[in-house]
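Source file: coords_38.cif. Holds: mmCIF, C-alpha atoms.
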```cif
data_run
#
loop_
_atom_site.group_PDB
_atom_site.id
_atom_site.type_symbol
_atom_site.label_atom_id
_atom_site.label_comp_id
_atom_site.auth_asym_id
_atom_site.auth_seq_id
_atom_site.Cartn_x
_atom_site.Cartn_y
_atom_site.Cartn_z
ATOM 1 C CA MET A 886 -12.791 -33.604 -13.731
ATOM 2 C CA LYS A 887 -16.253 -33.013 -15.263
ATOM 3 C CA LEU A 888 -18.956 -30.737 -13.990
ATOM 4 C CA LYS A 889 -22.340 -32.374 -14.449
ATOM 5 C CA GLU A 890 -25.466 -30.746 -13.009
ATOM 6 C CA GLN A 891 -23.816 -29.440 -9.834
ATOM 7 C CA GLU A 892 -22.140 -32.780 -9.199
ATOM 8 C CA VAL A 893 -18.416 -32.841 -9.821
ATOM 9 C CA SER A 894 -16.910 -36.105 -10.959
ATOM 10 C CA LEU A 895 -13.412 -36.827 -9.745
ATOM 11 C CA ASP A 896 -10.814 -39.252 -10.999
ATOM 12 C CA SER A 897 -8.672 -41.449 -8.756
ATOM 13 C CA LEU A 898 -5.882 -38.843 -8.502
ATOM 14 C CA ASP A 899 -8.375 -36.184 -7.297
ATOM 15 C CA TRP A 900 -9.665 -38.584 -4.657
ATOM 16 C CA SER A 901 -6.118 -39.399 -3.548
ATOM 17 C CA ILE A 902 -5.260 -35.720 -3.234
ATOM 18 C CA LEU A 903 -8.424 -35.065 -1.201
ATOM 19 C CA GLN A 904 -7.591 -37.922 1.108
ATOM 20 C CA ALA A 905 -4.066 -36.595 1.586
ATOM 21 C CA LEU A 906 -5.362 -33.094 2.354
ATOM 22 C CA GLN A 907 -7.883 -34.416 4.871
ATOM 23 C CA GLU A 908 -5.041 -36.132 6.681
ATOM 24 C CA ASN A 909 -2.920 -33.007 6.655
ATOM 25 C CA ALA A 910 -3.874 -29.857 4.749
ATOM 26 C CA LYS A 911 -0.446 -28.305 5.347
ATOM 27 C CA GLN A 912 1.393 -30.751 3.093
ATOM 28 C CA THR A 913 3.129 -29.147 0.143
ATOM 29 C CA TYR A 914 2.210 -29.863 -3.482
ATOM 30 C CA THR A 915 5.608 -31.514 -3.834
ATOM 31 C CA GLU A 916 5.017 -33.859 -0.917
ATOM 32 C CA ILE A 917 1.601 -34.862 -2.241
ATOM 33 C CA GLY A 918 2.965 -35.247 -5.783
ATOM 34 C CA ARG A 919 5.815 -37.437 -4.577
ATOM 35 C CA ARG A 920 3.373 -39.666 -2.722
ATOM 36 C CA PHE A 921 1.272 -40.307 -5.817
ATOM 37 C CA GLY A 922 4.024 -40.167 -8.426
ATOM 38 C CA VAL A 923 2.931 -36.957 -10.168
ATOM 39 C CA ALA A 924 4.459 -33.492 -10.610
ATOM 40 C CA HIS A 925 3.741 -30.759 -8.039
ATOM 41 C CA SER A 926 2.203 -28.658 -10.849
ATOM 42 C CA THR A 927 -0.340 -31.423 -11.480
ATOM 43 C CA VAL A 928 -1.253 -31.428 -7.783
ATOM 44 C CA TYR A 929 -1.555 -27.631 -7.885
ATOM 45 C CA ASP A 930 -3.876 -27.743 -10.922
ATOM 46 C CA ARG A 931 -6.088 -30.419 -9.405
ATOM 47 C CA ILE A 932 -6.396 -28.602 -6.073
ATOM 48 C CA LYS A 933 -7.100 -25.288 -7.784
ATOM 49 C CA LYS A 934 -9.946 -26.844 -9.791
ATOM 50 C CA MET A 935 -11.399 -28.509 -6.712
ATOM 51 C CA GLU A 936 -11.293 -25.182 -4.874
ATOM 52 C CA GLU A 937 -12.996 -23.395 -7.785
ATOM 53 C CA ASN A 938 -15.731 -26.023 -7.888
ATOM 54 C CA ASN A 939 -16.221 -25.859 -4.112
ATOM 55 C CA VAL A 940 -15.275 -29.516 -3.727
ATOM 56 C CA ILE A 941 -12.767 -28.133 -1.246
ATOM 57 C CA ARG A 942 -14.776 -25.571 0.666
ATOM 58 C CA LYS A 943 -12.126 -24.314 3.063
ATOM 59 C CA TYR A 944 -8.977 -25.087 5.016
ATOM 60 C CA THR A 945 -9.278 -24.705 8.734
ATOM 61 C CA ALA A 946 -7.428 -25.256 12.002
ATOM 62 C CA VAL A 947 -8.835 -27.598 14.656
ATOM 63 C CA VAL A 948 -8.154 -25.729 17.891
ATOM 64 C CA ASP A 949 -8.067 -27.391 21.293
ATOM 65 C CA LEU A 950 -9.979 -24.645 23.103
ATOM 66 C CA GLU A 951 -9.498 -26.161 26.559
ATOM 67 C CA LYS A 952 -5.739 -25.811 26.150
ATOM 68 C CA VAL A 953 -6.138 -22.073 25.732
ATOM 69 C CA GLY A 954 -8.550 -21.763 28.634
ATOM 70 C CA VAL A 955 -11.805 -21.460 26.692
ATOM 71 C CA LYS A 956 -14.356 -23.561 28.538
ATOM 72 C CA ASN A 957 -17.562 -23.412 26.519
ATOM 73 C CA ILE A 958 -20.328 -25.906 26.956
ATOM 74 C CA THR A 959 -21.783 -27.739 23.985
ATOM 75 C CA ALA A 960 -25.316 -29.043 23.764
ATOM 76 C CA ILE A 961 -27.350 -31.015 21.282
ATOM 77 C CA MET A 962 -30.742 -29.393 20.915
ATOM 78 C CA THR A 963 -33.700 -31.175 19.310
ATOM 79 C CA VAL A 964 -36.390 -28.748 18.235
ATOM 80 C CA PHE A 965 -39.783 -30.297 17.419
ATOM 81 C CA THR A 966 -41.587 -28.119 14.921
ATOM 82 C CA ASP A 967 -44.779 -27.623 13.021
ATOM 83 C CA PRO A 968 -43.881 -29.097 9.578
ATOM 84 C CA LYS A 969 -45.041 -25.904 7.841
ATOM 85 C CA GLU A 970 -42.562 -23.797 9.817
ATOM 86 C CA SER A 971 -39.657 -26.227 9.938
ATOM 87 C CA GLU A 972 -37.685 -24.677 7.069
ATOM 88 C CA ASN A 973 -38.003 -21.217 8.569
ATOM 89 C CA VAL A 974 -36.945 -22.411 12.039
ATOM 90 C CA ALA A 975 -33.899 -24.190 10.556
ATOM 91 C CA LYS A 976 -32.913 -21.008 8.677
ATOM 92 C CA LYS A 977 -33.272 -18.830 11.778
ATOM 93 C CA LEU A 978 -31.189 -21.246 13.832
ATOM 94 C CA SER A 979 -28.518 -21.293 11.139
ATOM 95 C CA GLU A 980 -28.165 -17.523 11.431
ATOM 96 C CA ALA A 981 -27.319 -17.645 15.158
ATOM 97 C CA LYS A 982 -23.633 -17.548 16.052
ATOM 98 C CA GLU A 983 -24.300 -19.843 19.021
ATOM 99 C CA VAL A 984 -25.424 -22.603 16.646
ATOM 100 C CA LEU A 985 -22.660 -24.615 14.965
ATOM 101 C CA GLU A 986 -24.652 -27.226 13.062
ATOM 102 C CA VAL A 987 -28.266 -27.528 11.958
ATOM 103 C CA SER A 988 -29.879 -30.621 10.439
ATOM 104 C CA THR A 989 -33.421 -31.885 10.013
ATOM 105 C CA SER A 990 -34.552 -35.322 11.020
ATOM 106 C CA LEU A 991 -37.728 -37.301 10.470
ATOM 107 C CA SER A 992 -38.464 -40.037 12.959
ATOM 108 C CA GLU A 993 -41.882 -40.053 14.593
ATOM 109 C CA GLU A 994 -42.052 -36.282 14.362
ATOM 110 C CA LEU A 995 -40.284 -33.713 12.253
ATOM 111 C CA SER A 996 -37.455 -32.248 14.231
ATOM 112 C CA ILE A 997 -34.416 -30.066 13.840
ATOM 113 C CA ILE A 998 -31.185 -31.100 15.492
ATOM 114 C CA ALA A 999 -28.701 -28.366 16.288
ATOM 115 C CA LYS A 1000 -25.350 -28.217 18.000
ATOM 116 C CA VAL A 1001 -25.179 -25.189 20.283
ATOM 117 C CA VAL A 1002 -22.294 -23.652 22.219
ATOM 118 C CA ALA A 1003 -22.478 -21.228 25.121
ATOM 119 C CA LYS A 1004 -20.214 -19.890 27.841
ATOM 120 C CA ASP A 1005 -22.193 -21.623 30.596
ATOM 121 C CA GLN A 1006 -25.548 -23.245 31.369
ATOM 122 C CA ASP A 1007 -27.235 -19.922 32.111
ATOM 123 C CA LYS A 1008 -26.190 -18.466 28.762
ATOM 124 C CA LEU A 1009 -27.301 -21.657 27.004
ATOM 125 C CA HIS A 1010 -30.708 -21.493 28.669
ATOM 126 C CA SER A 1011 -31.123 -17.794 27.900
ATOM 127 C CA PHE A 1012 -30.331 -18.395 24.246
ATOM 128 C CA ILE A 1013 -32.884 -21.209 23.992
ATOM 129 C CA ALA A 1014 -35.558 -19.469 26.074
ATOM 130 C CA LEU A 1015 -35.240 -16.038 24.456
ATOM 131 C CA ARG A 1016 -34.217 -16.833 20.885
ATOM 132 C CA VAL A 1017 -35.336 -20.374 20.026
ATOM 133 C CA ALA A 1018 -38.571 -21.088 21.941
ATOM 134 C CA PRO A 1019 -40.256 -17.876 20.636
ATOM 135 C CA LEU A 1020 -39.682 -18.828 16.970
ATOM 136 C CA SER A 1021 -42.957 -19.397 15.187
ATOM 137 C CA GLY A 1022 -43.645 -23.138 14.759
ATOM 138 C CA VAL A 1023 -41.513 -24.393 17.666
ATOM 139 C CA LEU A 1024 -43.551 -26.997 19.548
ATOM 140 C CA ARG A 1025 -41.080 -28.402 22.094
ATOM 141 C CA ILE A 1026 -37.328 -28.473 22.694
ATOM 142 C CA ARG A 1027 -35.163 -31.207 24.187
ATOM 143 C CA THR A 1028 -31.593 -30.308 25.065
ATOM 144 C CA SER A 1029 -28.733 -32.546 26.140
ATOM 145 C CA ILE A 1030 -25.552 -30.954 27.419
ATOM 146 C CA ILE A 1031 -22.446 -32.817 26.334
ATOM 147 C CA THR A 1032 -20.403 -33.762 29.394
ATOM 148 C CA ARG A 1033 -17.561 -35.692 27.791
ATOM 149 C CA LYS A 1034 -16.420 -36.155 24.230
ATOM 150 C CA TYR A 1035 -14.818 -39.471 23.295
ATOM 151 C CA LYS A 1036 -14.252 -38.843 19.608
ATOM 152 C CA GLU A 1037 -14.627 -35.989 17.166
ATOM 153 C CA GLU A 1038 -13.480 -36.443 13.591
ATOM 154 C CA GLU A 1039 -14.555 -35.424 10.131
ATOM 155 C CA LEU A 1040 -15.483 -38.291 7.819
ATOM 156 C CA LEU A 1041 -12.326 -39.256 5.973
ATOM 157 C CA ILE A 1042 -13.023 -40.039 2.360
ATOM 158 C CA GLU A 1043 -11.913 -43.369 1.030
ATOM 159 C CA ARG A 1044 -9.829 -43.474 -2.087
ATOM 160 C CA LYS A 1045 -11.938 -44.618 -5.054
ATOM 161 C CA MET B 615 -40.478 5.742 39.873
ATOM 162 C CA ARG B 616 -44.224 5.695 39.237
ATOM 163 C CA PRO B 617 -45.766 2.273 38.674
ATOM 164 C CA PRO B 618 -46.968 1.641 35.106
ATOM 165 C CA PRO B 619 -50.677 1.980 34.370
ATOM 166 C CA VAL B 620 -52.768 -1.138 35.021
ATOM 167 C CA SER B 621 -53.499 -1.474 31.316
ATOM 168 C CA ARG B 622 -49.778 -1.901 30.665
ATOM 169 C CA ILE B 623 -49.467 -4.748 33.178
ATOM 170 C CA LEU B 624 -52.537 -6.458 31.706
ATOM 171 C CA ARG B 625 -51.514 -6.017 28.065
ATOM 172 C CA LYS B 626 -51.054 -8.861 25.563
ATOM 173 C CA LEU B 627 -47.377 -9.390 24.788
ATOM 174 C CA SER B 628 -45.584 -10.298 21.577
ATOM 175 C CA ARG B 629 -44.179 -13.851 21.078
ATOM 176 C CA GLU B 630 -40.705 -12.539 21.884
ATOM 177 C CA ASN B 631 -41.793 -11.255 25.285
ATOM 178 C CA ALA B 632 -43.987 -14.178 26.358
ATOM 179 C CA PHE B 633 -42.952 -16.494 29.199
ATOM 180 C CA TYR B 634 -41.818 -19.928 27.955
ATOM 181 C CA PHE B 635 -42.070 -22.865 30.331
ATOM 182 C CA PHE B 636 -39.131 -25.275 30.665
ATOM 183 C CA THR B 637 -38.536 -28.229 33.013
ATOM 184 C CA SER B 638 -34.744 -27.894 33.051
ATOM 185 C CA ILE B 639 -31.968 -26.127 31.124
ATOM 186 C CA GLY B 640 -33.029 -26.022 27.469
ATOM 187 C CA ASN B 641 -36.033 -28.328 27.806
ATOM 188 C CA TYR B 642 -39.086 -26.406 26.619
ATOM 189 C CA ILE B 643 -42.448 -28.091 27.227
ATOM 190 C CA GLY B 644 -44.398 -26.213 24.569
ATOM 191 C CA GLU B 645 -46.391 -23.980 26.922
ATOM 192 C CA ASN B 646 -46.146 -20.211 27.101
ATOM 193 C CA ALA B 647 -47.969 -17.222 28.546
ATOM 194 C CA ALA B 648 -48.252 -13.942 26.674
ATOM 195 C CA SER B 649 -50.151 -11.983 29.344
ATOM 196 C CA LEU B 650 -50.766 -11.997 33.080
ATOM 197 C CA GLU B 651 -54.152 -13.605 32.427
ATOM 198 C CA GLU B 652 -52.546 -16.469 30.484
ATOM 199 C CA PHE B 653 -49.890 -16.805 33.167
ATOM 200 C CA VAL B 654 -52.582 -17.363 35.820
ATOM 201 C CA LYS B 655 -54.091 -20.155 33.681
ATOM 202 C CA LYS B 656 -50.731 -21.786 32.982
ATOM 203 C CA ILE B 657 -49.886 -22.011 36.697
ATOM 204 C CA LYS B 658 -52.795 -24.464 36.936
ATOM 205 C CA GLU B 659 -51.842 -26.378 33.783
ATOM 206 C CA VAL B 660 -48.081 -26.864 33.531
ATOM 207 C CA ASN B 661 -46.366 -29.609 35.468
ATOM 208 C CA ALA B 662 -45.010 -28.878 38.937
ATOM 209 C CA LYS B 663 -41.451 -29.642 37.834
ATOM 210 C CA SER B 664 -41.581 -26.682 35.458
ATOM 211 C CA LEU B 665 -42.969 -24.390 38.172
ATOM 212 C CA GLU B 666 -40.182 -25.449 40.546
ATOM 213 C CA PHE B 667 -37.492 -24.937 37.887
ATOM 214 C CA HIS B 668 -38.537 -21.360 37.148
ATOM 215 C CA PHE B 669 -39.541 -20.397 40.672
ATOM 216 C CA TYR B 670 -36.186 -21.246 42.255
ATOM 217 C CA ARG B 671 -34.201 -19.662 39.398
ATOM 218 C CA GLY B 672 -36.176 -16.448 39.937
ATOM 219 C CA ASP B 673 -37.511 -16.503 36.354
ATOM 220 C CA PHE B 674 -41.119 -15.683 37.277
ATOM 221 C CA GLN B 675 -40.279 -12.641 39.366
ATOM 222 C CA LYS B 676 -37.815 -11.423 36.725
ATOM 223 C CA TRP B 677 -40.347 -11.717 33.880
ATOM 224 C CA ILE B 678 -43.111 -10.110 35.931
ATOM 225 C CA ALA B 679 -40.854 -7.225 37.017
ATOM 226 C CA GLU B 680 -39.044 -6.622 33.742
ATOM 227 C CA VAL B 681 -41.569 -7.545 31.063
ATOM 228 C CA LEU B 682 -45.006 -7.110 32.650
ATOM 229 C CA GLU B 683 -43.526 -4.309 34.775
ATOM 230 C CA ASP B 684 -45.469 -5.282 37.895
ATOM 231 C CA GLY B 685 -42.925 -4.767 40.660
ATOM 232 C CA GLU B 686 -45.490 -5.404 43.391
ATOM 233 C CA LEU B 687 -46.374 -8.899 42.161
ATOM 234 C CA ALA B 688 -42.695 -9.708 41.556
ATOM 235 C CA GLU B 689 -41.980 -8.861 45.209
ATOM 236 C CA GLU B 690 -44.844 -11.040 46.429
ATOM 237 C CA ILE B 691 -43.524 -13.998 44.432
ATOM 238 C CA LYS B 692 -40.041 -13.410 45.759
ATOM 239 C CA ARG B 693 -41.383 -13.491 49.327
ATOM 240 C CA LEU B 694 -42.922 -16.931 48.694
ATOM 241 C CA LYS B 695 -39.416 -18.351 48.545
ATOM 242 C CA ASN B 696 -39.162 -18.116 52.341
ATOM 243 C CA LEU B 697 -41.795 -20.855 52.568
ATOM 244 C CA LYS B 698 -39.734 -23.126 50.251
ATOM 245 C CA PRO B 699 -42.819 -24.600 48.610
ATOM 246 C CA VAL B 700 -42.517 -27.511 46.165
ATOM 247 C CA GLY B 701 -44.867 -29.518 43.949
ATOM 248 C CA ASP B 702 -48.557 -28.803 44.266
ATOM 249 C CA ALA B 703 -47.999 -26.629 47.344
ATOM 250 C CA LEU B 704 -45.941 -24.321 45.129
ATOM 251 C CA ARG B 705 -48.642 -24.386 42.455
ATOM 252 C CA ASP B 706 -51.318 -23.495 45.017
ATOM 253 C CA GLN B 707 -49.263 -20.680 46.575
ATOM 254 C CA LEU B 708 -48.341 -19.201 43.232
ATOM 255 C CA TYR B 709 -51.889 -19.419 41.954
ATOM 256 C CA LEU B 710 -53.222 -17.737 45.066
ATOM 257 C CA VAL B 711 -50.809 -14.808 44.833
ATOM 258 C CA VAL B 712 -50.955 -14.301 41.060
ATOM 259 C CA SER B 713 -54.714 -14.795 40.588
ATOM 260 C CA LYS B 714 -55.461 -12.435 43.491
ATOM 261 C CA ARG B 715 -53.256 -9.772 41.946
ATOM 262 C CA PHE B 716 -54.800 -10.339 38.506
ATOM 263 C CA LYS B 717 -58.343 -9.963 39.863
ATOM 264 C CA LYS B 718 -57.367 -6.777 41.692
ATOM 265 C CA LEU B 719 -55.778 -5.234 38.595
ATOM 266 C CA LYS B 720 -58.710 -6.275 36.427
ATOM 267 C CA SER B 721 -61.233 -4.673 38.749
ATOM 268 C CA GLU B 722 -59.112 -1.484 38.865
ATOM 269 C CA PHE B 723 -58.971 -1.472 35.079
ATOM 270 C CA HIS B 724 -62.750 -1.788 34.726
ATOM 271 C CA GLY B 725 -63.222 0.837 37.439
#
```
What do you get writing this file as structure tokens?
Amino acid sequence: MKLKEQEVSLDSLDWSILQALQENAKQTYTEIGRRFGVAHSTVYDRIKKMEENNVIRKYTAVVDLEKVGVKNITAIMTVFTDPKESENVAKKLSEAKEVLEVSTSLSEELSIIAKVVAKDQDKLHSFIALRVAPLSGVLRIRTSIITRKYKEEELLIERK
Amino acid sequence: MRPPPVSRILRKLSRENAFYFFTSIGNYIGENAASLEEFVKKIKEVNAKSLEFHFYRGDFQKWIAEVLEDGELAEEIKRLKNLKPVGDALRDQLYLVVSKRFKKLKSEFHG
């Protein structure tokens, strides 16, 4: 594994280990090693290096919130901005705990797309009206509340 | 509680305290009012859908009572609800009530 100008190059074993962890991060080093025909210590070393280099940023649990009675609403918010203020608006949005994802997009106009969660529609509206609309450079906001989710997965890497 | 001085009701507000016009939950149309004077103008300019959205949620009366601190105008707007106005009728009613109040306060302010 070589570190070259921020980009980390991985060999085929690293890629295989990453793929295995994306499928199930609770597998043991031994299980992963057995699958790829290497010792558990090799798996440990590779994972350790990938953690140190931030290739693996974190391990997390995907919780089914509905099962535990948490009924938040999720919305996709498109914020059209003055190009000069776009960076600042994106940073401010990123700081809000109600905002889960922030990305910029350039189609006909520069816009910021953010995924927002709130307890209910009133809370969602208050957040947008009181904390997003007043940000300097915000021109317009379009919000779509998600009513049903058909799929939600992380991109699984393909073994190189 | 004593009403706030006229100058306070007529003051220019910060961006954070301005009124932002939406047409539905989370859909901001890019228009805002940072004073009672601007609010009067915006009643004439923004689309009727936005006026209806805020009027029936009670947003106008809340902002006028809590931010501009004009309890009297907030009450007058609240009373308009009995007439159940929509569209341009709502615009006309709102404009009548708010512009009348603005003119009265302005003349009081200038003595």
Return the neighbours of chain A among the residues of chain B, cut-off 6 Å, counting all atoms listed in the file, as a ChimeraX atom specification. /B:629-630,639-644
I'd like the contact shell of Glu666 in chain B - 12 Å cut-off, only C-alpha atoms, skipping same-chain residues fewer than 4 positions apart - returned as an MDAnalysis selection string. chainID B and resid 635:638 657 660:662 670:674 695 698:705 707:708
Pull out every residue that the PyMOL selection byres ((chain B and resi 691) around 8) matches in the shown coordinates and put them as a VMD selection string. chain B and resid 674 to 675 687 to 690 692 to 695 708 711
Non-local contacts of Glu1039 in chain A (12 Å; only C-alpha atoms; under 5 positions in same chain excluded) as a tab-separated table (two decimals) with C-alpha atoms, in the frame of the given file:
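Writing the result to around_13.tsv gives the following:
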```tsv
chain	number	residue	atom	x	y	z
A	904	GLN	CA	-7.59	-37.92	1.11
A	907	GLN	CA	-7.88	-34.42	4.87
A	908	GLU	CA	-5.04	-36.13	6.68
A	947	VAL	CA	-8.84	-27.60	14.66
```
With only C-alpha atoms as the counted atoms, please give the residues lying no more than 12 Å from Phe716 in chain B, apart from itself and same-chain residues fewer than 4 positions off, as an mmCIF file with C-alpha atoms, in the coordinates of the input.
```cif
data_model
loop_
_atom_site.group_PDB
_atom_site.id
_atom_site.type_symbol
_atom_site.label_atom_id
_atom_site.label_comp_id
_atom_site.auth_asym_id
_atom_site.auth_seq_id
_atom_site.Cartn_x
_atom_site.Cartn_y
_atom_site.Cartn_z
ATOM 1 C CA VAL B 620 -52.768 -1.138 35.021
ATOM 2 C CA SER B 621 -53.499 -1.474 31.316
ATOM 3 C CA ILE B 623 -49.467 -4.748 33.178
ATOM 4 C CA LEU B 624 -52.537 -6.458 31.706
ATOM 5 C CA ARG B 625 -51.514 -6.017 28.065
ATOM 6 C CA SER B 649 -50.151 -11.983 29.344
ATOM 7 C CA LEU B 650 -50.766 -11.997 33.080
ATOM 8 C CA GLU B 651 -54.152 -13.605 32.427
ATOM 9 C CA GLU B 652 -52.546 -16.469 30.484
ATOM 10 C CA PHE B 653 -49.890 -16.805 33.167
ATOM 11 C CA VAL B 654 -52.582 -17.363 35.820
ATOM 12 C CA LYS B 655 -54.091 -20.155 33.681
ATOM 13 C CA ILE B 678 -43.111 -10.110 35.931
ATOM 14 C CA LEU B 682 -45.006 -7.110 32.650
ATOM 15 C CA ASP B 684 -45.469 -5.282 37.895
ATOM 16 C CA GLU B 686 -45.490 -5.404 43.391
ATOM 17 C CA LEU B 687 -46.374 -8.899 42.161
ATOM 18 C CA LEU B 708 -48.341 -19.201 43.232
ATOM 19 C CA TYR B 709 -51.889 -19.419 41.954
ATOM 20 C CA LEU B 710 -53.222 -17.737 45.066
ATOM 21 C CA VAL B 711 -50.809 -14.808 44.833
ATOM 22 C CA VAL B 712 -50.955 -14.301 41.060
ATOM 23 C CA LYS B 720 -58.710 -6.275 36.427
ATOM 24 C CA SER B 721 -61.233 -4.673 38.749
ATOM 25 C CA GLU B 722 -59.112 -1.484 38.865
ATOM 26 C CA PHE B 723 -58.971 -1.472 35.079
#
```
Minimum-distance residue to Ser979 in chain A, chosen among A:Lys1000, A:Asp967, A:Ser894, A:Val940 (using all atoms listed in the file):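 Using all atoms listed in the file, the shortest distance to Ser979 in chain A belongs to A:Lys1000.
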Around all of range 984-990 of chain A's listed atoms, make the axis-aligned box with 8 Å on each side and tell me centre and edge lengths in Å to one decimal, as AutoDock Vina command-line options.
```
--center_x -28.6 --center_y -29.0 --center_z 13.3 --size_x 27.9 --size_y 28.7 --size_z 22.6
```
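CA of Ala648 in chain B is found 19.0 Å from CA of Phe667 in chain B.
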Could you spell out the hits of the PyMOL selection byres ((chain A and resi 916-933) around 9) on the shown file, as a PyMOL selection string? chain A and resi 886+898-899+901-903+905-906+912-915+934-938+941
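Rounded to one decimal, CA of Thr989 in chain A and CA of Val1002 in chain A lie 18.5 Å from each other.
Residue nearest Arg1033 in chain A within the list A:Thr959, A:Leu985, A:Glu970, A:Ala975: A:Thr959 [criterion: smallest interatomic distance, only C-alpha atoms].
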One decimal, Å: what's the distance from CA of Lys656 in chain B over to CA of His668 in chain B, could you say?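 Atom-to-atom, CA of Lys656 in chain B and CA of His668 in chain B are spaced 12.9 Å apart.
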If you count only C-alpha atoms, the residue of B:Phe669, B:Glu645, B:Gly685, B:Lys663 closest to Arg715 in chain B turns out to be B:Gly685
